[in-house]
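Asker: Shown below is the structure under consideration.
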Amino acid sequence: MNLELIYPMAAMVLLTFIVLMALFRSRVAAVKSGKVNAGFYKTYQEGSEPRQIAQFSRHLVNMFESPTLFYAACVVGIVTGQNATVLIVLAWIYVALRALHAYIHTGKNSISPRMWAYFSSWLVLLGMWGMLVAGVA
């Protein structure tokens with residue numbers, strides 16, 4: 001059984017953890033500096049967060065949306081034995097595009113490059129699923 005798809009999956013988990021840690025650090029810094037009242041984090045209803053922290057927060061949520069379909073595709077590829085080099089390359093391209101999207105979204109947050117990275121990652125994801133469906137058809 002070829003398990004090479006585990007590596008891009010692990011890279012996505014690591015990317016998600018990096019975003020989580022950046023969010024945590026930014027929230028702690030904001031509370032310490034007095035920009036955010038610690039009570040805000042009890043219900044997320046009283047007050048607000050600075051824009052940069054909101055970007056990290058939104059991006060962390062985003063890491064549990066379409067990437068779940070990526071994880072599923074990788075697992076399906078492993079289980080069905082469809083670990084062709086092309087699928088593995090597509091998986092790494094997906095991870096790279098998601099890392100680029102994270103860098104843009106949590107940084108300058110330029111809309112056009114962010115949308116390009118996000119849409120491109122979806123095209124790669126659709127390509128992966130297309131290969132998987134064709135492989136079992």
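Please note that chains go A, B, ... in the order of the structure tokens, that every chain numbers its residues from 1, and that ligands are numbered from 1 in the order shown.
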Name the residues in contact with Leu15 (chain A) at a cut-off of 9 Å, using only C-alpha atoms, excluding same-chain residues fewer than 4 positions from it; report them as a compact mmCIF listing (two decimals) with N, CA and C atoms, in the first residue's frame.
Answerer:
# COMPACT_ATOMS: atom_id res chain seq x y z
N ALA A 10 -0.30 15.70 6.18
CA ALA A 10 0.41 16.16 7.38
C ALA A 10 0.82 17.62 7.22
N ALA A 11 1.20 18.00 6.03
CA ALA A 11 1.57 19.40 5.78
C ALA A 11 0.37 20.33 5.99
N VAL A 19 -1.49 28.43 11.70
CA VAL A 19 -2.51 29.48 11.73
C VAL A 19 -3.13 29.56 13.13
N LEU A 20 -3.40 28.42 13.75
CA LEU A 20 -3.95 28.39 15.10
C LEU A 20 -3.01 29.10 16.09
N MET A 63 -9.79 26.99 7.29
CA MET A 63 -8.96 25.79 7.22
C MET A 63 -9.74 24.51 7.52
N VAL A 95 -1.64 21.96 -1.31
CA VAL A 95 -1.05 22.44 -0.06
C VAL A 95 -0.31 23.75 -0.28
N ARG A 98 -2.79 26.52 -0.71
CA ARG A 98 -3.43 26.86 0.57
C ARG A 98 -2.46 27.62 1.47
N ALA A 99 -1.18 27.28 1.42
CA ALA A 99 -0.18 28.03 2.19
C ALA A 99 -0.07 29.46 1.65
N ALA A 102 -3.09 31.32 2.84
CA ALA A 102 -2.94 31.66 4.25
C ALA A 102 -2.02 32.87 4.41
Asker: Considering only C-alpha atoms, return as JSON, numbers by chain whatever protein or nucleic-acid residues lie within 9 Å of Ala30 (chain A), sequence-local ones (same chain, fewer than 5 positions apart) excluded.
Answerer: {"A": [25, 35, 36, 37, 38, 49, 50, 53]}
Asker: Save out the residues we just selected, C-alpha atoms, as a PDB file, in the first residue's frame.
Answerer:
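Generated file (selection.pdb):
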ATOM      1  CA  ARG A  25      -0.401  34.636  19.926  1.00  0.00           C
ATOM      2  CA  LYS A  35      -6.739  46.293  22.651  1.00  0.00           C
ATOM      3  CA  VAL A  36      -9.229  43.560  23.541  1.00  0.00           C
ATOM      4  CA  ASN A  37     -10.982  42.869  26.817  1.00  0.00           C
ATOM      5  CA  ALA A  38     -10.356  39.237  27.831  1.00  0.00           C
ATOM      6  CA  GLU A  49     -11.292  42.157  17.846  1.00  0.00           C
ATOM      7  CA  PRO A  50      -8.809  44.195  15.818  1.00  0.00           C
ATOM      8  CA  ILE A  53      -6.960  39.068  14.704  1.00  0.00           C
TER       9      ILE A  53
END
Asker: Compile the contact shell of Val86 (chain A) as a count of residues only: residues with an atom at most 12 Å away, counting only C-alpha atoms, same-chain residues fewer than 5 positions apart removed.
Answerer: 12
Asker: Using CA of Pro8 (chain A) and CA of His105 (chain A) as the two end points, give the distance in Å to one decimal.
Answerer: 20.7 Å
Asker: For CA of Met9 (chain A) and CA of Phe64 (chain A), quote the distance in Å rounded to one decimal.
Answerer: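 Result for CA of Met9 (chain A) versus CA of Phe64 (chain A): 13.0 Å, one decimal.
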Asker: Please identify all polymer residues within 9 Å of Ile78 (chain A), counting only C-alpha atoms, omitting same-chain residues fewer than 5 positions from it, and present them as a ChimeraX atom specification.
Answerer: /A:1-6,73,83
Asker: Which residue is closest to Ala22 (chain A)? Choose from A:Leu90, A:Leu69, A:Tyr7, A:Phe56 and count only C-alpha atoms.
Answerer: A:Phe56
Asker: Between CA of Phe119 (chain A) and CA of Ala134 (chain A), what is the spacing in Å?
Answerer: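 If I compute the distance from CA of Ala134 (chain A) to CA of Phe119 (chain A), I get 22.3 Å.
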Asker: Looking only at the backbone, which of the residues in region 42-125 of chain A does DSSP tag as helix (DSSP H, G or I), as a PyMOL selection string?
Answerer: chain A and resi 42-43+51-62+66-79+85-105+111-125
Asker: Just checking: using only C-alpha atoms, which residue out of A:Val79, A:Arg27, A:Leu97, A:Leu126 ends up closest to Pro113 (chain A)?
Answerer: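 Under the stated criterion, the closest residue is A:Leu97.
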